[in-house]
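As stored in data-v6.cif (mmCIF, C-alpha atoms (C1' of nucleotides)):
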```cif
data_query
#
loop_
_atom_site.label_atom_id
_atom_site.label_comp_id
_atom_site.auth_asym_id
_atom_site.auth_seq_id
_atom_site.Cartn_x
_atom_site.Cartn_y
_atom_site.Cartn_z
CA MET A 26 0.00 0.00 0.00
CA LYS A 27 2.75 2.44 -0.88
CA ASP A 28 0.58 4.65 -3.06
CA VAL A 29 -2.51 6.64 -2.18
CA HIS A 30 -4.05 5.49 -5.44
CA ASP A 31 -4.37 2.00 -3.99
CA MET A 32 -5.95 3.16 -0.75
CA PRO A 33 -9.70 2.71 -0.44
CA GLY A 34 -10.00 6.07 1.31
CA HIS A 35 -8.52 7.93 -1.62
CA LEU A 36 -10.57 5.92 -4.10
CA ALA A 37 -13.70 6.71 -2.12
CA ARG A 38 -13.02 10.41 -2.40
CA ARG A 39 -12.25 10.18 -6.09
CA PHE A 40 -15.29 8.10 -6.96
CA GLN A 41 -17.54 10.43 -5.01
CA GLN A 42 -15.99 13.37 -6.83
CA ILE A 43 -16.82 11.83 -10.20
CA ALA A 44 -20.28 10.79 -9.05
CA VAL A 45 -21.16 14.34 -8.05
CA ALA A 46 -19.81 15.80 -11.30
CA VAL A 47 -21.79 13.31 -13.40
CA PHE A 48 -24.95 13.92 -11.39
CA LEU A 49 -24.74 17.68 -11.72
CA ALA A 50 -24.01 17.50 -15.45
CA GLU A 51 -26.91 15.18 -16.20
CA VAL A 52 -29.34 17.14 -14.07
CA GLU A 53 -28.32 20.44 -15.63
CA ASP A 54 -28.69 18.97 -19.12
CA ALA A 55 -32.22 17.99 -18.17
CA GLY A 56 -32.90 21.61 -17.22
CA TYR A 57 -32.86 21.26 -13.45
CA ASP A 58 -30.76 22.82 -10.73
CA LEU A 59 -30.48 20.39 -7.85
CA THR A 60 -27.49 18.86 -6.06
CA PRO A 61 -27.21 15.14 -5.22
CA VAL A 62 -27.70 15.98 -1.57
CA GLN A 63 -30.80 18.06 -2.28
CA TYR A 64 -32.19 15.31 -4.51
CA ALA A 65 -31.86 12.65 -1.81
CA ALA A 66 -33.50 14.92 0.73
CA LEU A 67 -36.34 15.80 -1.61
CA ALA A 68 -36.96 12.15 -2.42
CA ALA A 69 -36.98 11.25 1.27
CA VAL A 70 -39.43 14.02 2.13
CA SER A 71 -41.64 12.84 -0.70
CA ALA A 72 -41.59 9.29 0.64
CA SER A 73 -42.20 10.36 4.25
CA PRO A 74 -44.51 13.37 4.32
CA GLY A 75 -44.56 15.29 7.59
CA ILE A 76 -41.15 13.99 8.62
CA ASP A 77 -39.06 16.14 10.96
CA GLN A 78 -35.50 17.19 10.15
CA VAL A 79 -33.65 14.88 12.53
CA THR A 80 -35.51 11.83 11.28
CA LEU A 81 -34.91 12.93 7.70
CA ALA A 82 -31.22 13.29 8.40
CA GLY A 83 -31.15 9.77 9.83
CA LEU A 84 -32.86 8.30 6.78
CA ILE A 85 -30.20 9.55 4.38
CA ALA A 86 -27.26 9.73 6.80
CA TYR A 87 -26.80 13.49 6.86
CA ASP A 88 -25.45 15.36 9.80
CA ARG A 89 -28.14 17.22 11.70
CA THR A 90 -26.31 20.50 11.27
CA THR A 91 -26.03 19.95 7.53
CA ILE A 92 -29.69 19.17 6.98
CA THR A 93 -30.65 22.65 8.12
CA GLY A 94 -28.96 24.32 5.16
CA VAL A 95 -30.11 21.68 2.69
CA VAL A 96 -33.75 22.11 3.72
CA ASP A 97 -33.30 25.89 3.67
CA ARG A 98 -32.36 25.69 0.00
CA LEU A 99 -35.19 23.29 -0.86
CA VAL A 100 -37.64 25.64 0.83
CA GLN A 101 -36.15 28.63 -0.97
CA LYS A 102 -36.60 26.83 -4.28
CA GLY A 103 -40.20 26.17 -3.35
CA LEU A 104 -39.82 22.39 -3.47
CA VAL A 105 -40.44 21.72 0.21
CA ALA A 106 -42.63 23.41 2.82
CA ARG A 107 -41.51 23.68 6.44
CA HIS A 108 -44.09 24.18 9.20
CA ALA A 109 -44.05 24.01 12.97
CA LYS A 110 -45.20 20.64 14.16
CA ARG A 111 -48.31 20.46 16.26
CA GLY A 112 -47.69 18.72 19.55
CA ASP A 113 -43.94 19.41 19.53
CA ARG A 114 -42.92 22.97 18.99
CA ARG A 115 -39.26 21.99 18.81
CA ALA A 116 -39.71 20.10 15.55
CA ARG A 117 -40.47 21.23 12.00
CA GLU A 118 -42.68 19.21 9.73
CA LEU A 119 -41.49 18.87 6.15
CA LYS A 120 -43.76 18.31 3.19
CA ILE A 121 -43.08 18.24 -0.52
CA THR A 122 -44.88 20.88 -2.57
CA ASP A 123 -46.53 20.45 -5.96
CA ALA A 124 -43.50 22.04 -7.57
CA GLY A 125 -41.33 19.61 -5.63
CA ARG A 126 -43.34 16.67 -6.93
CA ARG A 127 -43.04 17.93 -10.49
CA THR A 128 -39.30 18.41 -10.11
CA LEU A 129 -38.83 14.99 -8.57
CA ARG A 130 -40.79 13.34 -11.37
CA GLY A 131 -39.02 15.31 -14.09
CA ILE A 132 -35.54 14.82 -12.76
CA THR A 133 -35.67 11.08 -12.23
CA PRO A 134 -34.54 10.04 -15.73
CA ALA A 135 -31.46 12.25 -15.44
CA VAL A 136 -30.65 10.80 -12.02
CA GLU A 137 -30.98 7.26 -13.32
CA ALA A 138 -28.81 8.12 -16.31
CA ALA A 139 -26.15 9.56 -14.03
CA GLN A 140 -25.96 6.29 -12.10
CA GLN A 141 -25.26 4.47 -15.36
CA ILE A 142 -22.66 6.95 -16.51
CA MET A 143 -20.62 6.91 -13.33
CA LEU A 144 -20.31 3.14 -13.72
CA ARG A 145 -19.77 3.10 -17.47
CA GLY A 146 -16.33 1.55 -17.09
CA LEU A 147 -17.80 -1.55 -15.49
CA THR A 148 -19.72 -4.50 -16.88
CA ASP A 149 -23.24 -5.03 -15.59
CA SER A 150 -22.14 -7.74 -13.20
CA GLU A 151 -19.23 -5.65 -11.99
CA ALA A 152 -21.56 -2.73 -11.37
CA LYS A 153 -23.86 -4.94 -9.32
CA GLU A 154 -20.91 -6.27 -7.37
CA LEU A 155 -19.59 -2.79 -6.65
CA VAL A 156 -22.96 -1.75 -5.28
CA ARG A 157 -23.11 -4.89 -3.15
CA LEU A 158 -19.61 -4.37 -1.75
CA LEU A 159 -20.22 -0.70 -1.01
CA GLN A 160 -23.44 -1.53 0.80
CA LYS A 161 -21.71 -4.23 2.83
CA ALA A 162 -18.78 -2.01 3.78
CA ILE A 163 -21.12 0.85 4.62
CA ALA A 164 -23.33 -1.35 6.78
CA ALA A 165 -20.30 -2.42 8.79
CA GLY A 166 -18.97 1.11 9.13
CA ASN A 167 -22.28 2.86 9.58
CA ALA A 168 -21.81 3.72 13.24
CA LEU A 169 -18.33 5.15 12.66
CA SER A 170 -19.48 8.48 11.27
CA ARG A 171 -21.19 11.25 13.15
CA ALA A 172 -24.18 10.96 10.84
CA PRO A 173 -25.09 7.26 10.75
CA LEU A 174 -28.04 5.91 8.86
CA ARG A 175 -30.94 5.45 11.21
CA GLY A 176 -33.85 3.48 9.90
CA THR A 177 -37.14 4.50 11.50
CA ALA A 178 -37.12 1.38 13.67
CA THR A 179 -33.46 1.39 14.67
CA ARG A 180 -34.17 3.29 17.83
CA MET B 19 -33.55 1.62 -8.61
CA LYS B 20 -36.44 3.03 -6.61
CA ASP B 21 -34.38 3.83 -3.53
CA VAL B 22 -31.40 6.14 -3.13
CA HIS B 23 -29.77 3.47 -0.99
CA ASP B 24 -29.29 1.34 -4.09
CA MET B 25 -27.82 4.15 -6.14
CA PRO B 26 -24.05 4.13 -6.59
CA GLY B 27 -23.93 7.91 -6.24
CA HIS B 28 -25.46 7.82 -2.80
CA LEU B 29 -23.30 4.88 -1.76
CA ALA B 30 -20.23 6.77 -2.94
CA ARG B 31 -21.11 9.71 -0.73
CA ARG B 32 -21.80 7.47 2.25
CA PHE B 33 -18.65 5.41 1.91
CA GLN B 34 -16.55 8.53 1.56
CA GLN B 35 -18.22 9.94 4.66
CA ILE B 36 -17.26 6.85 6.67
CA ALA B 37 -13.76 6.78 5.20
CA VAL B 38 -13.08 10.35 6.29
CA ALA B 39 -14.46 9.74 9.78
CA VAL B 40 -12.32 6.62 10.23
CA PHE B 41 -9.22 8.37 8.92
CA LEU B 42 -9.62 11.34 11.24
CA ALA B 43 -10.29 9.12 14.25
CA GLU B 44 -7.25 6.92 13.66
CA VAL B 45 -4.97 9.84 12.97
CA GLU B 46 -6.12 11.71 16.05
CA ASP B 47 -5.63 8.61 18.18
CA ALA B 48 -2.06 8.48 16.91
CA GLY B 49 -1.57 12.05 18.08
CA TYR B 50 -1.66 13.81 14.72
CA ASP B 51 -3.87 16.50 13.26
CA LEU B 52 -4.09 15.99 9.51
CA THR B 53 -7.01 15.53 7.14
CA PRO B 54 -7.12 12.84 4.42
CA VAL B 55 -6.72 15.55 1.82
CA GLN B 56 -3.72 17.06 3.58
CA TYR B 57 -2.17 13.61 3.99
CA ALA B 58 -2.40 12.83 0.27
CA ALA B 59 -0.92 16.20 -0.62
CA LEU B 60 1.92 15.80 1.88
CA ALA B 61 2.72 12.31 0.58
CA ALA B 62 2.71 13.58 -3.00
CA VAL B 63 5.03 16.47 -2.19
CA SER B 64 7.33 14.06 -0.43
CA ALA B 65 7.41 11.80 -3.49
CA SER B 66 7.94 14.68 -5.93
CA PRO B 67 10.11 17.37 -4.33
CA GLY B 68 10.02 20.73 -6.05
CA ILE B 69 6.64 20.06 -7.63
CA ASP B 70 4.43 23.05 -8.45
CA GLN B 71 0.85 23.34 -7.26
CA VAL B 72 -0.93 22.61 -10.52
CA THR B 73 1.08 19.45 -11.11
CA LEU B 74 0.50 18.38 -7.53
CA ALA B 75 -3.24 18.89 -7.97
CA GLY B 76 -3.15 16.72 -11.09
CA LEU B 77 -1.33 13.90 -9.30
CA ILE B 78 -4.00 13.52 -6.65
CA ALA B 79 -6.98 14.85 -8.62
CA TYR B 80 -7.63 18.00 -6.63
CA ASP B 81 -9.13 21.11 -8.08
CA ARG B 82 -6.57 23.84 -8.63
CA THR B 83 -8.56 26.25 -6.51
CA THR B 84 -8.72 23.72 -3.67
CA ILE B 85 -5.03 22.95 -3.59
CA THR B 86 -4.25 26.55 -2.64
CA GLY B 87 -5.98 26.26 0.72
CA VAL B 88 -4.65 22.77 1.38
CA VAL B 89 -1.08 23.86 0.79
CA ASP B 90 -1.70 26.98 2.87
CA ARG B 91 -2.56 24.78 5.83
CA LEU B 92 0.38 22.44 5.29
CA VAL B 93 2.70 25.45 5.18
CA GLN B 94 1.10 26.91 8.28
CA LYS B 95 1.68 23.63 10.11
CA GLY B 96 5.31 23.74 9.01
CA LEU B 97 5.10 20.48 7.07
CA VAL B 98 5.69 21.94 3.62
CA ALA B 99 7.78 24.87 2.36
CA ARG B 100 6.61 27.02 -0.54
CA HIS B 101 9.13 29.03 -2.53
CA ALA B 102 9.07 30.94 -5.79
CA LYS B 103 10.34 28.79 -8.61
CA ARG B 104 13.43 29.89 -10.45
CA GLY B 105 12.81 30.15 -14.17
CA ASP B 106 9.07 30.61 -13.81
CA ARG B 107 7.94 33.25 -11.41
CA ARG B 108 4.32 32.23 -11.79
CA ALA B 109 4.90 28.88 -10.15
CA ARG B 110 5.58 27.93 -6.53
CA GLU B 111 7.92 25.10 -5.70
CA LEU B 112 6.79 22.82 -2.90
CA LYS B 113 9.13 20.84 -0.69
CA ILE B 114 8.51 18.75 2.37
CA THR B 115 10.20 19.94 5.56
CA ASP B 116 11.93 17.81 8.18
CA ALA B 117 8.86 18.14 10.35
CA GLY B 118 6.77 17.05 7.37
CA ARG B 119 8.93 13.98 6.91
CA ARG B 120 8.62 13.09 10.57
CA THR B 121 4.86 13.53 10.46
CA LEU B 122 4.54 11.47 7.31
CA ARG B 123 6.59 8.66 8.80
CA GLY B 124 4.80 8.76 12.12
CA ILE B 125 1.32 8.91 10.69
CA THR B 126 1.63 6.05 8.22
CA PRO B 127 0.62 3.23 10.59
CA ALA B 128 -2.58 5.10 11.49
CA VAL B 129 -3.37 5.70 7.83
CA GLU B 130 -2.85 2.04 7.01
CA ALA B 131 -5.00 1.03 9.96
CA ALA B 132 -7.77 3.35 8.79
CA GLN B 133 -7.82 1.63 5.39
CA GLN B 134 -8.39 -1.70 7.14
CA ILE B 135 -11.10 -0.37 9.42
CA MET B 136 -13.17 1.23 6.69
CA LEU B 137 -13.29 -2.17 4.97
CA ARG B 138 -13.76 -4.25 8.08
CA GLY B 139 -17.13 -5.52 6.89
CA LEU B 140 -15.53 -7.18 3.87
CA THR B 141 -13.45 -10.30 3.48
CA ASP B 142 -9.93 -9.89 2.17
CA SER B 143 -10.91 -10.93 -1.32
CA GLU B 144 -13.95 -8.67 -1.25
CA ALA B 145 -11.78 -5.76 -0.16
CA LYS B 146 -9.40 -6.39 -3.05
CA GLU B 147 -12.30 -6.60 -5.45
CA LEU B 148 -13.81 -3.35 -4.18
CA VAL B 149 -10.51 -1.57 -4.72
CA ARG B 150 -10.24 -3.03 -8.20
CA LEU B 151 -13.77 -2.02 -9.18
CA LEU B 152 -13.37 1.49 -7.79
CA GLN B 153 -10.14 1.93 -9.71
CA LYS B 154 -11.76 0.68 -12.90
CA ALA B 155 -14.82 2.91 -12.55
CA ILE B 156 -12.63 5.89 -11.68
CA ALA B 157 -10.35 5.32 -14.66
CA ALA B 158 -13.35 5.36 -16.98
CA GLY B 159 -14.86 8.44 -15.36
CA ASN B 160 -11.64 10.32 -14.75
CA ALA B 161 -12.22 12.99 -17.36
CA LEU B 162 -15.76 13.71 -16.15
CA SER B 163 -14.76 15.80 -13.16
CA ARG B 164 -13.22 19.24 -13.22
CA ALA B 165 -10.17 17.90 -11.38
CA PRO B 166 -9.08 14.80 -13.32
CA LEU B 167 -6.04 12.79 -12.43
CA ARG B 168 -3.16 13.86 -14.61
CA GLY B 169 -0.17 11.60 -14.52
CA THR B 170 3.03 13.48 -15.31
CA ALA B 171 3.10 11.97 -18.79
CA THR B 172 -0.58 12.31 -19.64
CA ARG B 173 -0.08 15.68 -21.25
"C1'" DT C 28 -44.64 21.98 40.63
"C1'" DA C 29 -39.56 22.55 40.28
"C1'" DC C 30 -35.60 20.09 38.54
"C1'" DT C 31 -33.08 17.43 35.44
"C1'" DG C 32 -32.02 15.19 31.37
"C1'" DA C 33 -33.10 14.49 26.63
"C1'" DT C 34 -34.43 16.20 22.14
"C1'" DA C 35 -35.02 19.41 17.77
"C1'" DT C 36 -33.04 22.99 15.73
"C1'" DT C 37 -29.81 26.49 14.80
"C1'" DC C 38 -25.35 29.03 14.75
"C1'" DA C 39 -20.26 30.00 14.46
"C1'" DG C 40 -16.20 28.28 12.67
"C1'" DC C 41 -13.29 25.39 9.82
"C1'" DA C 42 -12.03 22.27 5.69
"C1'" DT C 43 -13.07 20.47 1.31
"C1'" DG C 44 -14.82 21.07 -3.65
"C1'" DC C 45 -16.71 23.55 -7.19
"C1'" DT C 46 -17.76 27.87 -10.75
"C1'" DG C 47 -16.19 31.86 -12.50
"C1'" DA C 48 -13.20 35.64 -12.63
"C1'" DG C 49 -8.89 38.13 -12.25
"C1'" DC C 50 -3.74 38.86 -12.12
"C1'" DA C 51 0.91 38.17 -13.30
"C1'" DA C 52 4.22 35.87 -15.95
"C1'" DT C 53 5.36 33.06 -19.92
"C1'" DG C 54 5.80 31.65 -24.62
"C1'" DC C 55 4.41 31.49 -29.28
"C1'" DT C 56 3.59 33.89 -33.48
"C1'" DC C 57 3.47 37.24 -36.92
"C1'" DG D 28 9.40 42.60 -30.31
"C1'" DA D 29 4.51 43.52 -29.89
"C1'" DG D 30 0.29 41.00 -29.45
"C1'" DC D 31 -2.14 37.41 -27.70
"C1'" DA D 32 -3.27 32.91 -25.97
"C1'" DT D 33 -1.73 30.07 -22.28
"C1'" DT D 34 -0.42 28.99 -17.78
"C1'" DG D 35 0.14 29.17 -12.49
"C1'" DC D 36 -2.00 31.02 -8.90
"C1'" DT D 37 -5.45 33.37 -6.16
"C1'" DC D 38 -9.96 35.18 -4.72
"C1'" DA D 39 -15.10 35.60 -4.10
"C1'" DG D 40 -19.04 32.99 -3.58
"C1'" DC D 41 -21.80 28.86 -2.82
"C1'" DA D 42 -22.81 23.96 -1.06
"C1'" DT D 43 -21.61 20.11 1.65
"C1'" DG D 44 -19.83 18.03 6.20
"C1'" DC D 45 -18.01 18.29 10.53
"C1'" DT D 46 -17.12 20.06 15.88
"C1'" DG D 47 -18.89 22.34 19.53
"C1'" DA D 48 -22.12 25.22 21.66
"C1'" DA D 49 -26.50 27.69 22.43
"C1'" DT D 50 -31.58 27.93 22.54
"C1'" DA D 51 -36.07 26.28 23.10
"C1'" DT D 52 -38.97 22.67 24.21
"C1'" DC D 53 -40.37 18.32 26.02
"C1'" DA D 54 -40.61 14.42 29.36
"C1'" DG D 55 -39.88 12.14 33.53
"C1'" DT D 56 -39.20 12.53 38.38
"C1'" DA D 57 -38.60 14.09 43.12
#
```

Write the structure described by the file as structure tokens, please.
Amino acid sequence: MKDVHDMPGHLARRFQQIAVAVFLAEVEDAGYDLTPVQYAALAAVSASPGIDQVTLAGLIAYDRTTITGVVDRLVQKGLVARHAKRGDRRARELKITDAGRRTLRGITPAVEAAQQIMLRGLTDSEAKELVRLLQKAIAAGNALSRAPLRGTATR
Amino acid sequence: MKDVHDMPGHLARRFQQIAVAVFLAEVEDAGYDLTPVQYAALAAVSASPGIDQVTLAGLIAYDRTTITGVVDRLVQKGLVARHAKRGDRRARELKITDAGRRTLRGITPAVEAAQQIMLRGLTDSEAKELVRLLQKAIAAGNALSRAPLRGTATR
DNA sequence: TACTGATATTCAGCATGCTGAGCAATGCTC
DNA sequence: GAGCATTGCTCAGCATGCTGAATATCAGTA
């Protein structure tokens, strides 16, 4: 392991770098302006209407201090609505707006295309295997980051 | 591909997140204060004394505007020296200092350990395969990011 | 009910990464 | 050798991520 280019940590950074670039390029070509992080948050809010920010962060493994800014931008773009939650004035309820639903529907082909492109150097079976290995490594390392994935029932 | 958790882009982000957390934890335990990005830059400067910033950025696939801040911090920590280059006053020559050499030597076990830990969910052969697949995917997607890897001869 | 601990959110500060622009120096070309 | 494109570097601005801390609220208990 004499070279950084053989270290999984460096490869992780590099692959993520490419993945983000491909995502942004595809999404912009499709006429949208949304980051990978914003997309994941929007999709999660769509799937779990009324969710609060901490729970949302847990579902997609974002830090709780990061989710604030991400939701801010989604609200500013009019894709998500943020209201005080009845029964717990600490929390904010998040709901996708009509514009958010339209964006999510319209952007999906570009997102799917991006996933193909970032793996274009691999065969189909290699791509599947890479996804499997990443999921396995991530599952084992989940608790090691400050922002672990927390399924709704993990508590 | 209905769920973000099956998308390679999301997995890339998550794996990178864990990799950084593991790296920082191991390095701090060893008594050092260096980020993964700073480590890669320091190692590259050590391997290529007198390198300029743009070439350094190409070797480790950093954006040219990012490398400025990274080198700033390495210089501030006394690990790297930055001098004007003779023969081309635009460029800055980078050299590792004695303190930088000591740090690099001392930190290596922690860096190696971190690489093991971030893959601890995988068998040895799975870990090798993950590295291989990442390298293959990265090689194919290299040109897609603003900061591609540029080997010294690639020009 | 007052106290204590936990929880949801936010903020300040720092380190990547990127886009786009600007500056200074270089090198090629006519 | 003057003009101009190129190159090396930097800066402003924005979007993640993180640490650590503050604020407000809630929940359980003495």

Picked residues, the PyMOL selection byres ((chain D and resi 38) around 10), expected as a ChimeraX atom specification: /B:83 /C:48-49 /D:36-37,39-40

Atoms kept (C-alpha atoms (C1' of nucleotides)) for selection, written as an mmCIF file, keeping the file's coordinate frame:
```cif
data_model
loop_
_atom_site.group_PDB
_atom_site.id
_atom_site.type_symbol
_atom_site.label_atom_id
_atom_site.label_comp_id
_atom_site.auth_asym_id
_atom_site.auth_seq_id
_atom_site.Cartn_x
_atom_site.Cartn_y
_atom_site.Cartn_z
ATOM 1 C CA THR B 83 -8.560 26.250 -6.510
ATOM 2 C "C1'" DA C 48 -13.200 35.640 -12.630
ATOM 3 C "C1'" DG C 49 -8.890 38.130 -12.250
ATOM 4 C "C1'" DC D 36 -2.000 31.020 -8.900
ATOM 5 C "C1'" DT D 37 -5.450 33.370 -6.160
ATOM 6 C "C1'" DA D 39 -15.100 35.600 -4.100
ATOM 7 C "C1'" DG D 40 -19.040 32.990 -3.580
#
```

Distance in Å - CA of Ala68 (chain A) versus CA of Gln42 (chain A): 21.5 Å

Transformed chain B, reference chain A, full Cα set in order, as a short mmCIF file (atom, residue, chain, number, x, y, z; two decimals) with C-alpha atoms, in the frame of the given file:
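New file selection21.cif:
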```
data_model
loop_
_atom_site.label_atom_id
_atom_site.label_comp_id
_atom_site.auth_asym_id
_atom_site.auth_seq_id
_atom_site.Cartn_x
_atom_site.Cartn_y
_atom_site.Cartn_z
CA MET B 19 -0.07 -0.04 0.03
CA LYS B 20 2.72 2.37 -0.85
CA ASP B 21 0.57 4.61 -3.03
CA VAL B 22 -2.52 6.61 -2.16
CA HIS B 23 -4.05 5.45 -5.43
CA ASP B 24 -4.38 1.96 -3.98
CA MET B 25 -5.95 3.14 -0.76
CA PRO B 26 -9.71 2.69 -0.44
CA GLY B 27 -10.02 6.05 1.31
CA HIS B 28 -8.54 7.91 -1.61
CA LEU B 29 -10.57 5.90 -4.11
CA ALA B 30 -13.71 6.70 -2.14
CA ARG B 31 -13.01 10.41 -2.39
CA ARG B 32 -12.25 10.18 -6.10
CA PHE B 33 -15.29 8.11 -6.97
CA GLN B 34 -17.54 10.43 -5.02
CA GLN B 35 -15.98 13.38 -6.83
CA ILE B 36 -16.82 11.83 -10.21
CA ALA B 37 -20.29 10.80 -9.06
CA VAL B 38 -21.16 14.35 -8.06
CA ALA B 39 -19.80 15.80 -11.30
CA VAL B 40 -21.79 13.32 -13.40
CA PHE B 41 -24.95 13.93 -11.39
CA LEU B 42 -24.73 17.70 -11.73
CA ALA B 43 -24.00 17.50 -15.45
CA GLU B 44 -26.92 15.18 -16.19
CA VAL B 45 -29.33 17.15 -14.06
CA GLU B 46 -28.32 20.44 -15.62
CA ASP B 47 -28.69 18.97 -19.10
CA ALA B 48 -32.23 18.00 -18.15
CA GLY B 49 -32.91 21.61 -17.21
CA TYR B 50 -32.85 21.27 -13.43
CA ASP B 51 -30.76 22.84 -10.71
CA LEU B 52 -30.46 20.39 -7.83
CA THR B 53 -27.49 18.86 -6.05
CA PRO B 54 -27.21 15.14 -5.22
CA VAL B 55 -27.70 15.98 -1.57
CA GLN B 56 -30.80 18.06 -2.28
CA TYR B 57 -32.18 15.31 -4.51
CA ALA B 58 -31.86 12.65 -1.81
CA ALA B 59 -33.49 14.92 0.75
CA LEU B 60 -36.34 15.80 -1.61
CA ALA B 61 -36.95 12.13 -2.42
CA ALA B 62 -36.95 11.26 1.28
CA VAL B 63 -39.42 14.01 2.13
CA SER B 64 -41.63 12.83 -0.69
CA ALA B 65 -41.55 9.27 0.66
CA SER B 66 -42.19 10.34 4.26
CA PRO B 67 -44.51 13.36 4.34
CA GLY B 68 -44.56 15.25 7.61
CA ILE B 69 -41.13 13.99 8.62
CA ASP B 70 -39.05 16.17 10.96
CA GLN B 71 -35.51 17.23 10.17
CA VAL B 72 -33.65 14.94 12.54
CA THR B 73 -35.49 11.87 11.29
CA LEU B 74 -34.91 12.94 7.71
CA ALA B 75 -31.20 13.31 8.41
CA GLY B 76 -31.14 9.80 9.86
CA LEU B 77 -32.84 8.31 6.80
CA ILE B 78 -30.19 9.56 4.41
CA ALA B 79 -27.25 9.75 6.83
CA TYR B 80 -26.79 13.51 6.87
CA ASP B 81 -25.42 15.40 9.79
CA ARG B 82 -28.10 17.27 11.70
CA THR B 83 -26.26 20.54 11.25
CA THR B 84 -26.02 19.96 7.50
CA ILE B 85 -29.67 19.18 6.96
CA THR B 86 -30.64 22.68 8.10
CA GLY B 87 -28.95 24.34 5.14
CA VAL B 88 -30.11 21.70 2.68
CA VAL B 89 -33.72 22.12 3.71
CA ASP B 90 -33.29 25.90 3.67
CA ARG B 91 -32.36 25.70 0.00
CA LEU B 92 -35.18 23.30 -0.86
CA VAL B 93 -37.64 25.65 0.83
CA GLN B 94 -36.16 28.63 -0.96
CA LYS B 95 -36.60 26.84 -4.28
CA GLY B 96 -40.22 26.16 -3.35
CA LEU B 97 -39.82 22.39 -3.48
CA VAL B 98 -40.43 21.71 0.20
CA ALA B 99 -42.64 23.39 2.82
CA ARG B 100 -41.54 23.68 6.43
CA HIS B 101 -44.13 24.16 9.16
CA ALA B 102 -44.11 24.00 12.93
CA LYS B 103 -45.23 20.61 14.12
CA ARG B 104 -48.35 20.38 16.22
CA GLY B 105 -47.69 18.62 19.50
CA ASP B 106 -43.98 19.38 19.50
CA ARG B 107 -43.01 22.95 18.93
CA ARG B 108 -39.34 22.07 18.74
CA ALA B 109 -39.78 20.12 15.54
CA ARG B 110 -40.47 21.25 11.98
CA GLU B 111 -42.68 19.21 9.71
CA LEU B 112 -41.48 18.87 6.14
CA LYS B 113 -43.75 18.29 3.18
CA ILE B 114 -43.07 18.22 -0.52
CA THR B 115 -44.87 20.87 -2.58
CA ASP B 116 -46.53 20.41 -5.96
CA ALA B 117 -43.51 22.02 -7.56
CA GLY B 118 -41.33 19.59 -5.62
CA ARG B 119 -43.33 16.66 -6.93
CA ARG B 120 -43.03 17.91 -10.48
CA THR B 121 -39.29 18.40 -10.09
CA LEU B 122 -38.83 14.98 -8.56
CA ARG B 123 -40.76 13.33 -11.36
CA GLY B 124 -39.02 15.30 -14.07
CA ILE B 125 -35.53 14.83 -12.74
CA THR B 126 -35.67 11.07 -12.22
CA PRO B 127 -34.55 10.04 -15.72
CA ALA B 128 -31.46 12.25 -15.42
CA VAL B 129 -30.65 10.81 -12.01
CA GLU B 130 -30.98 7.27 -13.31
CA ALA B 131 -28.83 8.13 -16.31
CA ALA B 132 -26.16 9.58 -14.03
CA GLN B 133 -25.97 6.29 -12.10
CA GLN B 134 -25.27 4.47 -15.37
CA ILE B 135 -22.66 6.96 -16.52
CA MET B 136 -20.63 6.92 -13.33
CA LEU B 137 -20.32 3.14 -13.73
CA ARG B 138 -19.79 3.11 -17.46
CA GLY B 139 -16.35 1.56 -17.10
CA LEU B 140 -17.82 -1.55 -15.48
CA THR B 141 -19.74 -4.48 -16.88
CA ASP B 142 -23.26 -5.01 -15.60
CA SER B 143 -22.18 -7.73 -13.22
CA GLU B 144 -19.25 -5.65 -12.01
CA ALA B 145 -21.58 -2.72 -11.38
CA LYS B 146 -23.88 -4.93 -9.33
CA GLU B 147 -20.94 -6.27 -7.38
CA LEU B 148 -19.61 -2.78 -6.67
CA VAL B 149 -22.98 -1.74 -5.30
CA ARG B 150 -23.13 -4.86 -3.17
CA LEU B 151 -19.64 -4.37 -1.75
CA LEU B 152 -20.23 -0.69 -1.02
CA GLN B 153 -23.45 -1.52 0.79
CA LYS B 154 -21.73 -4.22 2.81
CA ALA B 155 -18.78 -2.01 3.77
CA ILE B 156 -21.13 0.85 4.62
CA ALA B 157 -23.34 -1.35 6.79
CA ALA B 158 -20.31 -2.43 8.80
CA GLY B 159 -18.97 1.11 9.13
CA ASN B 160 -22.29 2.86 9.59
CA ALA B 161 -21.80 3.71 13.24
CA LEU B 162 -18.32 5.15 12.66
CA SER B 163 -19.47 8.47 11.27
CA ARG B 164 -21.17 11.25 13.16
CA ALA B 165 -24.18 10.97 10.84
CA PRO B 166 -25.09 7.27 10.78
CA LEU B 167 -28.04 5.91 8.90
CA ARG B 168 -30.93 5.49 11.27
CA GLY B 169 -33.81 3.50 9.93
CA THR B 170 -37.09 4.49 11.56
CA ALA B 171 -37.03 1.33 13.67
CA THR B 172 -33.36 1.34 14.62
CA ARG B 173 -34.00 3.27 17.79
#
```

Proximity to chain C - best of B:Glu130, B:Asp81, B:Asp116, B:Asp51, all atoms listed in the file: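 Ranked by minimum distance to chain C, first place goes to B:Asp81.
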
Write out as JSON lines the residues of chain C that have any atom within 9 Å of an atom of chain A, one row each with the nearest atom pair and its distance in Å to one decimal, counting all atoms listed in the file, sorted by chain and then rising number.
```
{"residue": "C:DT34", "atom": "C1'", "partner": "A:Arg115", "partner_atom": "CA", "distance": 8.2}
{"residue": "C:DA35", "atom": "C1'", "partner": "A:Arg115", "partner_atom": "CA", "distance": 5.1}
{"residue": "C:DT36", "atom": "C1'", "partner": "A:Arg115", "partner_atom": "CA", "distance": 7.0}
{"residue": "C:DT37", "atom": "C1'", "partner": "A:Thr93", "partner_atom": "CA", "distance": 7.8}
{"residue": "C:DG44", "atom": "C1'", "partner": "A:Gln42", "partner_atom": "CA", "distance": 8.4}
```
